[in-house]
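Peer 1: Quick one: the structure is below, and I'll ask about it shortly.
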Amino acid sequence: MKSALGFLLAAFGLLGFGALHSFAEEGHKHKHGDHTHDKLSIGDKAPGFTLKDQNGKDVSLSDYAGKIVVLEWFNESCPFVVKHYRAGHMNNLAAKYAEKGVVWLRINSTHNATPESNAKIAKEWKIQGPILQDSDGEVGHDYGATNTPHMFIIDQEGKLVYRGAIDSDSSADTSKIDGATNYVAKALDELLAGKPVSQPETKAYGCTIKYAKK
Amino acid sequence: MVCTFLSLVCIADQANAQSTQPATTPKVTADLIPDRSSIAPGSSFEMAIRFRIEKGWHMYWLNPGDSGLAPTVEWELPQGVWLSTELKFPPPHRIRAGEGLESFGYEDELVVFAEGRVDGSVQGSVEVSARLSWLVCQDVCLAEQSTVRVSLEVGKSGSKDPRVDGWLQQLARPGAGDPIKEFGVRLNEGQSSGVIYAYIPAGWQKVDSEYDFFPPAIEFASFDRPEVKTDSRGKVVEVPFRILPGMTEPITGQAMLVRIELDGKRSGFLLPLTFDFR
C-alpha cells in the first residue's frame with residue numbers, strides 16, 4: 001500500500017485555464033535565449049523522480065535501476081502525439097522494445113491533466129504502460145522537456161544518452177512515419193547492441209508543453 | 001467535419017466545396033487567388049493561398065521555431081497547368097510559446113504564394129484544386145485540412161488583382177544586395193558552435209531600421225535569439241547556434257533577415273546558408 005499522503009497529493013492539478021496567452025509580438029528584443037535544456041547534458045545522470053501513474057500509483061525512476069528507460073513527453077491533445085498513436089505506432093514501438101527489457105514511461109506535464117484524464121486516454125488509446133502526471137512541471141523542467149512528443153533515453157547506468165525528436169519527419173502526418181528515421185529505435189538498437197548512441201541529440205518537434213504558469 | 005478518436009483534433013474537410021468558394025475549418029478560412037483575372041497561354045503567374053486565422057490563433061513559417069509546423073499544399077491540376085508545391089512566405093513574427101520558447105509564425109492572416117505556369121495549349125476556364133494541410137495553435141493545436149478550388153481563366157492576359165500585388169510585395173525576396181553586404185556561417189574553434197550573421201554596412205539603405213534574424217529549419221542545430229551589434233561600420237546581426245552531435249553531412253538551409261522600419265513595415269531577405277562541420 002502506498003501512503004495516504006501520496007493519495008492526497010494525487011489528483012489536484014491546476015484547474016481552469018489561465019488567461020489566454022497574449023501573443024504580443026516580441027519582435028526584436030535581442031535577448032540571448034536561455035534554453036533550459038542546456039542545463040542537462042548528454043552523459044549526465046538522469047534526474048530522479050516519483051510521479052503518480054494513471055491508476056494513482058507512485059512510479060519512481062529508481063524502480064527501474066539497471067534498465068534502459070525511455071521517457072516520452074505526452075499530451076493527448078497535441079496533433080503530433082496523435083500522429084504517433086494513430087494506427088498503434090507508438091504502442092507498437094514501446095511493445096517491441098518492452099520485449100527486450102526496455103521500460104517506456106510517458107510523462108504528462110500538461111498543467112491541467114490529471115491521473116484520471118490519463119486513465120481515460122490510456123483506455124481509449126490502448127496504452128499499456130504508465131502515463132505519469134507532472135502537473136507542476138518539475139520533472140519536465142528538470143529534463144528540459146519543451147515539446148510533445150519529446151523523447152529521452154536513459155541507459156542501464158542511469159545516464160542520459162538521447163534527447164530530442166522521435167523521428168526525422170516533423171509533420172503531423174501519420175503516413176510519413178514509415179518513411180522517416182526513428183531516432184529512438186535507432187538509439188535503442190545501438191544501446192541493446194552495446195554500442196554508443198551515434199545521434200545522441202536531435203531537435204525535438206511538435207507542440208509546446210503546456211506547463212503550469214509560474 | 002470529421003473528428004478522430006480524439007475530440008480535440010478535428011480534421012475539417014471541405015472536399016465538396018464549390019468552385020472558387022473558400023473552405024472554412026474551425027479556426028481558418030482558406031482560399032486561392034490567382035494574381036490576375038485571366039492568364040495568357042504560355043505564361044507564368046503567381047497563385048496566392050490565403051489563410052484567414054481566427055483571432056488569438058496562429059500559423060507557422062517554414063522554420064516554426066520551438067514548436068509548430070508550416071502549411072503544405074498538394075495540387076490537383078488539369079493538363080497543361082503547373083503549380084509549385086514550394087511556397088513563398090512573408091516575414092514571420094516571434095510568437096511566445098511558453099516559458100523561454102518562441103514560435104515563428106503569423107496571426108490574423110497569412111498569404112503564401114506558389115509559382116505557376118500555363119502551357120500554350122490551354123484555353124478557356126480550367127479548375128485548379130489544392131489540398132491544404134496546416135497546423136493552427138492557440139494554447140492547443142489543431143491539425144486541419146481542406147480542399148479549395150478556383151477556376152483559372154486562360155485567354156487574353158487580364159488585369160492584375162491589386163490585393164495580390166500588395167501581398168506579393170510582402171514576400172521575402174531571395175539573396176543578398178542592399179541592405180545586406182555579407183552573410184554566412186562562422187564556426188567557433190572546435191566547430192561545435194558558431195553564429196550565422198548578416199552585415200548591413202553604414203551608408204546602405206535603412207541601416208537605422210531594426211533587424212531580426214530567423215534561423216533555418218535544421219534538425220541538428222539549436223539556435224539562440226539574435227544579437228545586433230552596431231558600430232561606425234554599420235550593423236551586424238548574429239544568431240548563435242550549437243551543433244547537436246551526430247551530424248555527418250553538410251546541411252543547407254534558408255535563414256530570413258527581417259528589416260523592421262520605424263513605421264512597422266517588415267521586409268524579408270532570404271539567405272541561403274551552408275553548415276559544414278567536417
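Ordered as shown in the C-alpha cells, chains take letters A, B, and onward, while each chain numbers its residues from 1 and ligands are numbered from 1 in the order shown.
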Please identify which residues in chain A DSSP calls strand (DSSP E or B) from the backbone, and express them as a VMD selection string.

Peer 2: chain A and resid 45 50 to 52 58 to 60 69 to 73 103 to 108 131 to 133 147 to 148 151 to 154 159 to 164 167 182 201 207 to 208

Peer 1: Counting only C-alpha atoms, which residues in chain B sit no more than 8 Å from chain A? For each one, give the nearest pair of atoms and the distance in Å, sorted by chain then residue number, as JSON lines.

Peer 2:
```
{"residue": "B:Leu6", "atom": "CA", "partner": "A:Ser77", "partner_atom": "CA", "distance": 7.3}
{"residue": "B:Leu8", "atom": "CA", "partner": "A:Ser77", "partner_atom": "CA", "distance": 5.9}
{"residue": "B:Val9", "atom": "CA", "partner": "A:Pro79", "partner_atom": "CA", "distance": 6.7}
{"residue": "B:Gly56", "atom": "CA", "partner": "A:Phe23", "partner_atom": "CA", "distance": 7.4}
{"residue": "B:Asp66", "atom": "CA", "partner": "A:Tyr205", "partner_atom": "CA", "distance": 7.2}
{"residue": "B:Ser67", "atom": "CA", "partner": "A:Cys207", "partner_atom": "CA", "distance": 5.2}
{"residue": "B:Gly68", "atom": "CA", "partner": "A:Gly206", "partner_atom": "CA", "distance": 5.7}
{"residue": "B:Leu69", "atom": "CA", "partner": "A:Ser171", "partner_atom": "CA", "distance": 6.7}
{"residue": "B:His93", "atom": "CA", "partner": "A:Gly27", "partner_atom": "CA", "distance": 6.5}
{"residue": "B:Arg94", "atom": "CA", "partner": "A:Gly27", "partner_atom": "CA", "distance": 5.8}
{"residue": "B:Ile95", "atom": "CA", "partner": "A:Phe23", "partner_atom": "CA", "distance": 5.7}
{"residue": "B:Arg96", "atom": "CA", "partner": "A:Phe23", "partner_atom": "CA", "distance": 6.0}
{"residue": "B:Ala97", "atom": "CA", "partner": "A:Thr208", "partner_atom": "CA", "distance": 6.5}
{"residue": "B:Gly98", "atom": "CA", "partner": "A:Thr208", "partner_atom": "CA", "distance": 7.1}
{"residue": "B:Gly100", "atom": "CA", "partner": "A:His35", "partner_atom": "CA", "distance": 6.8}
{"residue": "B:Leu101", "atom": "CA", "partner": "A:His35", "partner_atom": "CA", "distance": 7.9}
{"residue": "B:Gln138", "atom": "CA", "partner": "A:His21", "partner_atom": "CA", "distance": 7.6}
{"residue": "B:Asp139", "atom": "CA", "partner": "A:His21", "partner_atom": "CA", "distance": 7.1}
{"residue": "B:Val140", "atom": "CA", "partner": "A:Cys78", "partner_atom": "CA", "distance": 7.0}
{"residue": "B:Cys141", "atom": "CA", "partner": "A:Cys78", "partner_atom": "CA", "distance": 6.1}
{"residue": "B:Leu142", "atom": "CA", "partner": "A:Pro79", "partner_atom": "CA", "distance": 6.5}
{"residue": "B:Ala143", "atom": "CA", "partner": "A:Pro79", "partner_atom": "CA", "distance": 6.0}
{"residue": "B:Glu210", "atom": "CA", "partner": "A:His28", "partner_atom": "CA", "distance": 7.2}
{"residue": "B:Tyr211", "atom": "CA", "partner": "A:His28", "partner_atom": "CA", "distance": 6.9}
{"residue": "B:Asp212", "atom": "CA", "partner": "A:His28", "partner_atom": "CA", "distance": 5.6}
{"residue": "B:Glu219", "atom": "CA", "partner": "A:Lys203", "partner_atom": "CA", "distance": 5.2}
{"residue": "B:Phe220", "atom": "CA", "partner": "A:Thr202", "partner_atom": "CA", "distance": 5.6}
{"residue": "B:Ala221", "atom": "CA", "partner": "A:Lys203", "partner_atom": "CA", "distance": 7.1}
{"residue": "B:Ser222", "atom": "CA", "partner": "A:Lys203", "partner_atom": "CA", "distance": 7.0}
{"residue": "B:Asp224", "atom": "CA", "partner": "A:Gly33", "partner_atom": "CA", "distance": 5.2}
{"residue": "B:Arg225", "atom": "CA", "partner": "A:Gly33", "partner_atom": "CA", "distance": 5.2}
{"residue": "B:Pro226", "atom": "CA", "partner": "A:His30", "partner_atom": "CA", "distance": 5.4}
{"residue": "B:Glu227", "atom": "CA", "partner": "A:His30", "partner_atom": "CA", "distance": 5.1}
{"residue": "B:Val228", "atom": "CA", "partner": "A:His30", "partner_atom": "CA", "distance": 6.8}
{"residue": "B:Leu244", "atom": "CA", "partner": "A:Glu201", "partner_atom": "CA", "distance": 5.7}
{"residue": "B:Pro245", "atom": "CA", "partner": "A:Glu201", "partner_atom": "CA", "distance": 6.1}
{"residue": "B:Gly246", "atom": "CA", "partner": "A:Gln199", "partner_atom": "CA", "distance": 4.4}
{"residue": "B:Met247", "atom": "CA", "partner": "A:Gln199", "partner_atom": "CA", "distance": 7.7}
```

Peer 1: Mind listing the helix (DSSP H, G or I) residues of segment 25-194 of chain A, per DSSP on the backbone, as a ChimeraX atom specification?

Peer 2: /A:36-38,61-64,79-98,115-124,138-143,174-176,183-192

Peer 1: Set the distance at 9 Å and use only C-alpha atoms: which residues neighbour Gly194 of chain B once local chain neighbours fewer than 5 positions away are removed? I'd like the list as a compact mmCIF listing (two decimals) with N, CA and C atoms, in the first residue's frame.

Peer 2:
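Output file result-v1.txt is given in full below:
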```
# COMPACT_ATOMS: atom_id res chain seq x y z
N VAL B 185 27.91 31.68 -42.41
CA VAL B 185 28.01 30.87 -41.20
C VAL B 185 29.45 30.97 -40.71
N ARG B 186 29.65 31.33 -39.46
CA ARG B 186 31.00 31.37 -38.90
C ARG B 186 31.09 30.39 -37.74
N LEU B 187 32.04 29.46 -37.86
CA LEU B 187 32.18 28.44 -36.82
C LEU B 187 33.20 28.87 -35.78
N ASN B 188 32.92 28.56 -34.54
CA ASN B 188 33.90 28.80 -33.48
C ASN B 188 34.95 27.71 -33.51
N GLU B 189 36.02 27.92 -32.80
CA GLU B 189 37.06 26.90 -32.72
C GLU B 189 36.45 25.64 -32.11
N VAL B 239 23.11 35.22 -35.05
CA VAL B 239 22.34 34.25 -34.27
C VAL B 239 23.30 33.14 -33.85
N PRO B 240 23.60 33.05 -32.55
CA PRO B 240 24.49 31.98 -32.09
C PRO B 240 23.80 30.62 -32.21
N PHE B 241 24.57 29.61 -32.51
CA PHE B 241 24.00 28.26 -32.56
C PHE B 241 24.98 27.24 -32.00
N ARG B 242 24.43 26.10 -31.70
CA ARG B 242 25.18 24.98 -31.16
C ARG B 242 24.87 23.80 -32.05
N ILE B 243 25.89 23.05 -32.42
CA ILE B 243 25.69 21.86 -33.25
C ILE B 243 25.32 20.70 -32.35
```

Peer 1: So what do you get for atom CA of Pro22 of chain B versus atom CA of Ala48 of chain B, distance-wise?

Peer 2: 12.6 Å

Peer 1: Give me the residues near Pro115 of chain A as a PyMOL selection string, where near means some atom within 7 Å (using only C-alpha atoms) and where sequence neighbours in that chain fewer than 2 positions away do not count.

Peer 2: chain A and resi 11+52-56+117-119+133

Peer 1: Put those residues in a file: all heavy atoms, as a PDB file, in the first residue's frame.

Peer 2:
```
ATOM      1  N   ALA A  11      -4.535  14.012  -7.167  1.00  0.00           N
ATOM      2  CA  ALA A  11      -5.364  14.438  -8.288  1.00  0.00           C
ATOM      3  C   ALA A  11      -5.422  15.927  -8.581  1.00  0.00           C
ATOM      4  O   ALA A  11      -5.846  16.330  -9.652  1.00  0.00           O
ATOM      5  CB  ALA A  11      -6.784  13.920  -8.086  1.00  0.00           C
ATOM      6  N   LYS A  52       2.756  10.083 -10.006  1.00  0.00           N
ATOM      7  CA  LYS A  52       1.598   9.183  -9.985  1.00  0.00           C
ATOM      8  C   LYS A  52       1.281   8.704 -11.397  1.00  0.00           C
ATOM      9  O   LYS A  52       1.233   9.510 -12.327  1.00  0.00           O
ATOM     10  CB  LYS A  52       0.365   9.951  -9.499  1.00  0.00           C
ATOM     11  CG  LYS A  52       0.415  10.352  -8.051  1.00  0.00           C
ATOM     12  CD  LYS A  52       0.010   9.230  -7.140  1.00  0.00           C
ATOM     13  CE  LYS A  52       0.129   9.689  -5.684  1.00  0.00           C
ATOM     14  NZ  LYS A  52       0.448   8.571  -4.804  1.00  0.00           N
ATOM     15  N   ASP A  53       1.018   7.450 -11.537  1.00  0.00           N
ATOM     16  CA  ASP A  53       0.559   6.951 -12.832  1.00  0.00           C
ATOM     17  C   ASP A  53      -0.965   7.103 -12.930  1.00  0.00           C
ATOM     18  O   ASP A  53      -1.610   7.649 -12.037  1.00  0.00           O
ATOM     19  CB  ASP A  53       1.031   5.508 -13.091  1.00  0.00           C
ATOM     20  CG  ASP A  53       0.268   4.476 -12.269  1.00  0.00           C
ATOM     21  OD1 ASP A  53      -0.695   4.837 -11.553  1.00  0.00           O
ATOM     22  OD2 ASP A  53       0.639   3.286 -12.336  1.00  0.00           O
ATOM     23  N   GLN A  54      -1.522   6.587 -14.011  1.00  0.00           N
ATOM     24  CA  GLN A  54      -2.965   6.801 -14.252  1.00  0.00           C
ATOM     25  C   GLN A  54      -3.841   6.017 -13.280  1.00  0.00           C
ATOM     26  O   GLN A  54      -5.049   6.256 -13.225  1.00  0.00           O
ATOM     27  CB  GLN A  54      -3.320   6.483 -15.709  1.00  0.00           C
ATOM     28  CG  GLN A  54      -3.180   5.038 -16.134  1.00  0.00           C
ATOM     29  CD  GLN A  54      -1.808   4.720 -16.698  1.00  0.00           C
ATOM     30  OE1 GLN A  54      -0.790   5.187 -16.190  1.00  0.00           O
ATOM     31  NE2 GLN A  54      -1.765   3.900 -17.742  1.00  0.00           N
ATOM     32  N   ASN A  55      -3.231   5.101 -12.505  1.00  0.00           N
ATOM     33  CA  ASN A  55      -4.005   4.363 -11.510  1.00  0.00           C
ATOM     34  C   ASN A  55      -3.783   4.906 -10.101  1.00  0.00           C
ATOM     35  O   ASN A  55      -4.173   4.297  -9.116  1.00  0.00           O
ATOM     36  CB  ASN A  55      -3.632   2.881 -11.562  1.00  0.00           C
ATOM     37  CG  ASN A  55      -3.845   2.313 -12.958  1.00  0.00           C
ATOM     38  OD1 ASN A  55      -4.898   2.527 -13.560  1.00  0.00           O
ATOM     39  ND2 ASN A  55      -2.843   1.643 -13.493  1.00  0.00           N
ATOM     40  N   GLY A  56      -3.067   6.044 -10.025  1.00  0.00           N
ATOM     41  CA  GLY A  56      -2.807   6.647  -8.723  1.00  0.00           C
ATOM     42  C   GLY A  56      -1.614   6.040  -8.008  1.00  0.00           C
ATOM     43  O   GLY A  56      -1.346   6.342  -6.844  1.00  0.00           O
ATOM     44  N   SER A 117      -7.611  11.844 -16.097  1.00  0.00           N
ATOM     45  CA  SER A 117      -7.688  12.094 -17.542  1.00  0.00           C
ATOM     46  C   SER A 117      -6.687  11.189 -18.273  1.00  0.00           C
ATOM     47  O   SER A 117      -6.944  10.729 -19.386  1.00  0.00           O
ATOM     48  CB  SER A 117      -7.453  13.578 -17.860  1.00  0.00           C
ATOM     49  OG  SER A 117      -6.137  13.978 -17.549  1.00  0.00           O
ATOM     50  N   ASN A 118      -5.550  10.909 -17.621  1.00  0.00           N
ATOM     51  CA  ASN A 118      -4.582   9.990 -18.231  1.00  0.00           C
ATOM     52  C   ASN A 118      -5.141   8.562 -18.299  1.00  0.00           C
ATOM     53  O   ASN A 118      -4.891   7.841 -19.267  1.00  0.00           O
ATOM     54  CB  ASN A 118      -3.268   9.987 -17.432  1.00  0.00           C
ATOM     55  CG  ASN A 118      -2.527  11.319 -17.556  1.00  0.00           C
ATOM     56  OD1 ASN A 118      -2.654  12.031 -18.564  1.00  0.00           O
ATOM     57  ND2 ASN A 118      -1.765  11.666 -16.536  1.00  0.00           N
ATOM     58  N   ALA A 119      -5.903   8.176 -17.263  1.00  0.00           N
ATOM     59  CA  ALA A 119      -6.502   6.828 -17.253  1.00  0.00           C
ATOM     60  C   ALA A 119      -7.501   6.692 -18.403  1.00  0.00           C
ATOM     61  O   ALA A 119      -7.568   5.662 -19.087  1.00  0.00           O
ATOM     62  CB  ALA A 119      -7.195   6.590 -15.911  1.00  0.00           C
ATOM     63  N   GLN A 133       1.806  11.700 -14.249  1.00  0.00           N
ATOM     64  CA  GLN A 133       1.332  13.081 -14.229  1.00  0.00           C
ATOM     65  C   GLN A 133       2.307  13.988 -13.489  1.00  0.00           C
ATOM     66  O   GLN A 133       2.674  13.728 -12.349  1.00  0.00           O
ATOM     67  CB  GLN A 133      -0.070  13.150 -13.613  1.00  0.00           C
ATOM     68  CG  GLN A 133      -0.702  14.528 -13.667  1.00  0.00           C
ATOM     69  CD  GLN A 133      -0.714  15.131 -15.081  1.00  0.00           C
ATOM     70  OE1 GLN A 133      -0.855  14.404 -16.076  1.00  0.00           O
ATOM     71  NE2 GLN A 133      -0.527  16.439 -15.184  1.00  0.00           N
TER      72      GLN A 133
END
```

Peer 1: Near Ala114 of chain B, counting only C-alpha atoms, which residues have an atom at most 9 Å away, once you skip same-chain residues fewer than 6 positions from it, shown as a PyMOL selection string?

Peer 2: chain B and resi 45-49+83-88

Peer 1: Atoms to include: C-alpha atoms. Write the selected residues as a short mmCIF file (atom, residue, chain, number, x, y, z; two decimals), in the first residue's frame.

Peer 2:
```
data_model
loop_
_atom_site.label_atom_id
_atom_site.label_comp_id
_atom_site.auth_asym_id
_atom_site.auth_seq_id
_atom_site.Cartn_x
_atom_site.Cartn_y
_atom_site.Cartn_z
CA PHE B 45 1.70 33.53 -62.90
CA GLU B 46 1.55 33.57 -59.11
CA MET B 47 -1.16 31.87 -57.09
CA ALA B 48 -1.95 33.29 -53.66
CA ILE B 49 -3.12 30.94 -50.92
CA LEU B 83 1.93 24.95 -59.81
CA SER B 84 4.85 24.64 -57.38
CA THR B 85 4.44 22.92 -54.03
CA GLU B 86 7.25 25.10 -52.71
CA LEU B 87 5.57 28.04 -51.01
CA LYS B 88 6.89 31.57 -50.61
#
```

Peer 1: Would you compute the distance between atom CA of Gly80 of chain B and atom CA of Ser159 of chain B? Give it in Å to one decimal.

Peer 2: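 These two atoms are separated by 21.8 Å.
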
Peer 1: Distance atom CA of Ala70 of chain B-atom CA of Arg163 of chain B, one decimal place?

Peer 2: 23.0 Å

Peer 1: Residues near segment 57-59 of chain B, anyone? I mean within 7 Å using only C-alpha atoms, not counting same-chain ones fewer than 4 positions away, as a list of chain:residue names.

Peer 2: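 Result of the neighbour search: B:Ile53, B:Gly105, B:Tyr106, B:Glu107, B:Leu135, B:Val136, B:Cys137, B:Gln138.
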
Peer 1: Could you write those residues out with C-alpha atoms, as a JSON list (two decimals), in the first residue's frame?

Peer 2:
```json
[["chain", "number", "residue", "atom", "x", "y", "z"],
["B", 53, "ILE", "CA", -6.97, 32.90, -38.98],
["B", 105, "GLY", "CA", 4.59, 32.47, -37.37],
["B", 106, "TYR", "CA", 1.62, 34.58, -38.26],
["B", 107, "GLU", "CA", -1.58, 35.77, -36.64],
["B", 135, "LEU", "CA", -1.42, 23.40, -38.00],
["B", 136, "VAL", "CA", -3.16, 26.22, -36.16],
["B", 137, "CYS", "CA", -2.43, 26.82, -32.48],
["B", 138, "GLN", "CA", -3.51, 28.89, -29.57]]
```

Peer 1: Considering only C-alpha atoms, return as a ChimeraX atom specification whatever protein or nucleic-acid residues lie within 12 Å of Arg36 of chain B, sequence-local ones (same chain, fewer than 5 positions apart) excluded.

Peer 2: /B:43-48,151-165

Peer 1: Check the smallest atom-to-atom distance from each of B:Glu54, B:Gly42, B:Glu99, B:Leu171 to Lys27 of chain B using only C-alpha atoms, then report the winner.

Peer 2: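 Checking each of B:Glu54, B:Gly42, B:Glu99, B:Leu171 against Lys27 of chain B, counting only C-alpha atoms, the winner is B:Glu54.
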
Peer 1: May I ask which of the residues A:Lys159, A:Lys123, A:Lys176, A:Lys39 is the closest one to Ile68 of chain A, counting only C-alpha atoms?

Peer 2: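 Among the listed residues, A:Lys159 lies closest to Ile68 of chain A.
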